[in-house]
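Colleague: I have a structure here, written as structure tokens, and I will follow up with some questions on it.
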Amino acid sequence: MRRIVRWVAIFGAGLVGLLAVAALVIGFGFVPSAKQPPYRRVASWGGPGSAPGQFDGPNGIAVADHRVYVADSLNHRIQIFDLQGHFLSAIAVGPQGLLPQARPMNLNIAGDKLYVGDYWNDAVQVFTLDGRLLRTLGGQQGSAPGQFRAPGGASAEPDGTIAVADFYNQRVQMLSPQGRFIRQIGITGHKGYVAGGSFNYPMDVAVSPSNGHVYVADGYNDRIQVFDRDGRFLRMWGGPFGLHLPASINFLGGLRGWFRTPTSVAIGPQGDVFVADQENNRIQKFTADGRFLTAFDQPPRAPGYGVGAVAVTADGDVYVTDLADQHVERWQQGMPAHR
Amino acid sequence: MSSNLRHRVLNMPRIAFASALLVLAMTFGAAFPAQAATSTPAQQAWPADAYVVSVDGLACPFCAYGIEKQFSHLPGVTGTDVNLASGVIMVHVKPGTRFDQAQITQTVKQAGFTLKAVMSQPAGGY
């Protein structure tokens with residue numbers, strides 16, 4: 001009997017503690033309300049397979065110049081579509097294409113170039129928007145300046161300086177357009193959970209074309225970090241003050257404005273920030289300084305993650321890859337579900 | 001890197017079956033705990049057609065590809081199947097290939113994970 005009373009007391013104390021935490025979280029404004037209407041899915045295409053228009057692991061996406069580029073990771077190619085999803089062409093493995101066994105992950109377009117993080121070959125490749133290879137950086141696994149360990153994504157400053165999310169090296173590298181090391185953010189090989197400028201497996205970078213600010217999807221820290229073009233830390237968000245919470249207690253990670261493994265980040269035409277919040281199966285939209293605007297999702301039909309990567313057109317349409325259903329979705333704000 | 005690596009991430013029946021076997025093995029003590037094996041001085045190696053490796057923290061494609069990549073660097077590995085949901089990796093090897101616990105523990109660690117258990121699949125399969 002005494003044991004039962006003790007367990008009831010422990011359970012009650014735990015419940016009170018949880019309620020207190022929830023009250024603090026909500027009371028301190030850590031759960032923002034939506035400031036914009038949600039987006040609606042207006043189209044999708046794809047499906048599992050290796051034929052043109054099918055996917056096996058669409059882990060990256062970028063849009064520009066009326067074309068959609070999809071990293072079809074396990075098919076070792078990048079597929080190119082028009083904005084309606086009609087297949088146009090593909091960048092395949094080859095002397096003037098991707099490296100052997102390529103595993104392209106996040107894609108980013110800066111200016112007139114496509115930046116590809118090749119996770120398998122420890123390389124960053126730069127292509128024209130027509131798919132012509134311009135440059136391959138790295139290509140040998142390592143931790144020295146200019147080398148990579150599984151780069152998750154890369155993009156570029158307006159002056160051509162390349163930023164690379166160097167996943168296993170726990171850093172973001174800044175390189176000249178020719179690949180010469182300029183600087184890095186983070187300590188090589190050292191996971192940091194608290195301070196801005198330290199990472200826990202950075203997965204993607206996006207660069208604001210207006211001011212050159214670098215946005216980093218700090219994957220397992222469940223946050224976004226922002227740096228100026230000189231690498232100085234500006235801000236971070238995702239949960240209370242952007243501080244990493246261990247997964248065991250990040251039970252609130254599904255709240256608005258919080259994350260569970262942000263895998264991809266993109267900048268919209270107004271400078272807004274779109275984040276693929278993978279384990280929450282949703283896209284979240286923020287202002288450039290991290291204020292929550294809205295979120296949208298649609299559960300996948302197949303088991304797995306409904307969100308892989310995100311990209312935004314100049315018109316504000318949002319394209320999302322769905323890893324579970326192996327397809328690409330197009331979302332628009334405030335539009336009817338079907339048209 | 002062998003060119004015929006098989007890349008399948010989710011819901012492979014063989015992996016599901018192997019996962020069930022692994023759970024059973026863990027339940028009945030057939031699989032060895034990682035800590036105990038790493039402290040075994042002999043560092044015994046087992047020949048197998050495949051190794052079924054269970055890890056903590058396997059969550060996203062970045063994880064899956066990372067651990068697949070690390071195992072591909074081991075001599076004799078012909079392919080890997082990763083099941084994100086169960087955290088189980090099936091590592092296919094050439095006949096006669098032998099790995100010991102330390103090699104597998106180190107490979108898993110380099111990929112950023114913690115080994116929970118490993119068992120070998122004998123020649124002939126299940």
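To be explicit about the labels: the chains of the structure tokens are called A, B, and onward in the order shown, and within each one the residues are counted from 1, while ligands get numbers from 1 in the order they are shown.
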Select from chain A every residue with an atom at most 10 Å from any atom of chain B, then for each give the shortest pair of atoms and their distance in Å to one decimal, using only C-alpha atoms, rows by chain and rising number, as JSON lines.
Modeller:
{"residue": "A:Asp56", "atom": "CA", "partner": "B:Arg8", "partner_atom": "CA", "distance": 9.0}
{"residue": "A:Gly57", "atom": "CA", "partner": "B:Pro61", "partner_atom": "CA", "distance": 8.2}
{"residue": "A:Asn59", "atom": "CA", "partner": "B:Pro61", "partner_atom": "CA", "distance": 8.1}
{"residue": "A:Ser73", "atom": "CA", "partner": "B:Tyr65", "partner_atom": "CA", "distance": 9.9}
{"residue": "A:Leu74", "atom": "CA", "partner": "B:His7", "partner_atom": "CA", "distance": 6.9}
{"residue": "A:Asn75", "atom": "CA", "partner": "B:His7", "partner_atom": "CA", "distance": 9.4}
{"residue": "A:Pro100", "atom": "CA", "partner": "B:Ser3", "partner_atom": "CA", "distance": 9.1}
{"residue": "A:Gln101", "atom": "CA", "partner": "B:Ser3", "partner_atom": "CA", "distance": 7.7}
{"residue": "A:Arg103", "atom": "CA", "partner": "B:Tyr65", "partner_atom": "CA", "distance": 8.6}
{"residue": "A:Met105", "atom": "CA", "partner": "B:Phe62", "partner_atom": "CA", "distance": 8.7}
{"residue": "A:Tyr119", "atom": "CA", "partner": "B:Tyr65", "partner_atom": "CA", "distance": 8.1}
{"residue": "A:Trp120", "atom": "CA", "partner": "B:Lys69", "partner_atom": "CA", "distance": 6.8}
{"residue": "A:Asn121", "atom": "CA", "partner": "B:Lys69", "partner_atom": "CA", "distance": 9.6}
{"residue": "A:Arg149", "atom": "CA", "partner": "B:Gly66", "partner_atom": "CA", "distance": 9.7}
{"residue": "A:Ala150", "atom": "CA", "partner": "B:Gly66", "partner_atom": "CA", "distance": 7.7}
{"residue": "A:Gly152", "atom": "CA", "partner": "B:Phe62", "partner_atom": "CA", "distance": 8.0}
{"residue": "A:Phe167", "atom": "CA", "partner": "B:Phe62", "partner_atom": "CA", "distance": 8.9}
{"residue": "A:Tyr168", "atom": "CA", "partner": "B:Gly112", "partner_atom": "CA", "distance": 8.3}
{"residue": "A:Tyr201", "atom": "CA", "partner": "B:Phe62", "partner_atom": "CA", "distance": 9.4}
{"residue": "A:Met203", "atom": "CA", "partner": "B:Phe62", "partner_atom": "CA", "distance": 8.2}
{"residue": "A:Gly219", "atom": "CA", "partner": "B:Phe62", "partner_atom": "CA", "distance": 9.7}
{"residue": "A:Ala247", "atom": "CA", "partner": "B:Gly57", "partner_atom": "CA", "distance": 9.7}
{"residue": "A:Thr261", "atom": "CA", "partner": "B:Cys60", "partner_atom": "CA", "distance": 8.4}
{"residue": "A:Thr263", "atom": "CA", "partner": "B:Phe62", "partner_atom": "CA", "distance": 8.8}
{"residue": "A:Gln278", "atom": "CA", "partner": "B:Cys60", "partner_atom": "CA", "distance": 8.2}
{"residue": "A:Glu279", "atom": "CA", "partner": "B:Cys60", "partner_atom": "CA", "distance": 8.2}
{"residue": "A:Pro303", "atom": "CA", "partner": "B:Leu10", "partner_atom": "CA", "distance": 8.3}
{"residue": "A:Gly304", "atom": "CA", "partner": "B:Leu10", "partner_atom": "CA", "distance": 7.8}
{"residue": "A:Tyr305", "atom": "CA", "partner": "B:Cys60", "partner_atom": "CA", "distance": 8.3}
{"residue": "A:Gly308", "atom": "CA", "partner": "B:Pro61", "partner_atom": "CA", "distance": 8.9}
{"residue": "A:Leu323", "atom": "CA", "partner": "B:Pro61", "partner_atom": "CA", "distance": 9.1}
{"residue": "A:Ala324", "atom": "CA", "partner": "B:Leu10", "partner_atom": "CA", "distance": 9.1}
Colleague: Apply DSSP to the backbone of this structure and, from region 102-235 of chain A, keep only the residues in helix (DSSP H, G or I); write these as a ChimeraX atom specification.
Modeller: /A:167-169,219-221
Colleague: Region 221-231 of chain A: which residues within 7 Å, counting only C-alpha atoms, same-chain residues fewer than 2 positions away excluded, as a ChimeraX atom specification?
Modeller: /A:185,193,200,212-219,233-238,242,244,259-262
Colleague: Please provide as an mmCIF file with N, CA and C atoms, in the first residue's frame all residues within 6 Å of Val52 (chain B), with the sequence filter that same-chain residues fewer than 4 positions apart are discarded (counting only C-alpha atoms).
Modeller:
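Contents of result-v1.cif, as written:
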data_model
loop_
_atom_site.group_PDB
_atom_site.id
_atom_site.type_symbol
_atom_site.label_atom_id
_atom_site.label_comp_id
_atom_site.auth_asym_id
_atom_site.auth_seq_id
_atom_site.Cartn_x
_atom_site.Cartn_y
_atom_site.Cartn_z
ATOM 1 N N ILE B 89 20.660 -2.166 -39.455
ATOM 2 C CA ILE B 89 21.379 -2.158 -40.729
ATOM 3 C C ILE B 89 21.783 -3.581 -41.049
ATOM 4 N N MET B 90 21.446 -4.037 -42.229
ATOM 5 C CA MET B 90 21.950 -5.338 -42.666
ATOM 6 C C MET B 90 23.134 -5.089 -43.575
ATOM 7 N N VAL B 118 24.795 -6.726 -32.361
ATOM 8 C CA VAL B 118 25.106 -7.213 -33.701
ATOM 9 C C VAL B 118 25.004 -8.728 -33.694
ATOM 10 N N MET B 119 24.528 -9.257 -34.790
ATOM 11 C CA MET B 119 24.545 -10.709 -34.946
ATOM 12 C C MET B 119 24.893 -11.032 -36.391
#
Colleague: I need the residue nearest Val88 (chain B) from this list: B:Ala50, B:Leu74, B:Leu115, B:Val55. Use only C-alpha atoms for the distance.
Modeller: B:Val55
Colleague: Would you list the contacts of Leu88 (chain A) as a ChimeraX atom specification, taking every protein, DNA or RNA residue within 12 Å and counting only C-alpha atoms, but skipping same-chain residues closer than 6 positions in sequence?
Modeller: /A:52-53,66-70,78-82,130-131
Colleague: May I ask for the distance between CA of Ala156 (chain A) and CA of Gly186 (chain A), given in Å to one decimal place?
Modeller: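 Calculated distance between CA of Ala156 (chain A) and CA of Gly186 (chain A) is 18.2 Å.
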Colleague: Enumerate, as JSON, numbers by chain, the complete set of residues in region 34-274 of chain A that a backbone-based DSSP assignment places in strand (DSSP E or B).
Modeller: {"A": [39, 40, 41, 42, 43, 44, 45, 46, 48, 55, 58, 59, 60, 61, 62, 63, 64, 67, 68, 69, 70, 71, 72, 77, 78, 79, 80, 81, 82, 87, 88, 89, 90, 91, 93, 98, 104, 105, 106, 107, 108, 109, 110, 113, 114, 115, 116, 117, 118, 123, 124, 125, 126, 127, 128, 133, 134, 135, 136, 137, 138, 141, 148, 151, 152, 153, 154, 155, 156, 162, 163, 164, 165, 166, 171, 172, 173, 174, 175, 181, 182, 183, 184, 185, 202, 203, 204, 205, 206, 207, 214, 215, 216, 217, 218, 223, 224, 225, 226, 227, 233, 234, 235, 236, 237, 262, 263, 264, 265, 266, 267, 273, 274]}
Colleague: Show which residues sit within 8 Å of Arg256 (chain A), as a list in words. Count only C-alpha atoms, and ignore same-chain residues fewer than 2 positions away.
Modeller: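 Listed by chain and then number, they are Val31, Pro32, Ser33, Gly254, Trp258, Phe292 and Ala295 of chain A.
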Colleague: Write the selection just made, keeping C-alpha atoms, as a PDB file, in the first residue's frame?
Modeller:
ATOM      1  CA  VAL A  31       4.817  29.070 -28.872  1.00  0.00           C
ATOM      2  CA  PRO A  32       3.929  31.773 -31.392  1.00  0.00           C
ATOM      3  CA  SER A  33       0.645  32.007 -33.219  1.00  0.00           C
ATOM      4  CA  GLY A 254       6.307  19.673 -32.493  1.00  0.00           C
ATOM      5  CA  TRP A 258      10.151  24.565 -32.796  1.00  0.00           C
ATOM      6  CA  PHE A 292       7.114  32.484 -36.947  1.00  0.00           C
ATOM      7  CA  ALA A 295       3.349  26.182 -41.060  1.00  0.00           C
TER       8      ALA A 295
END
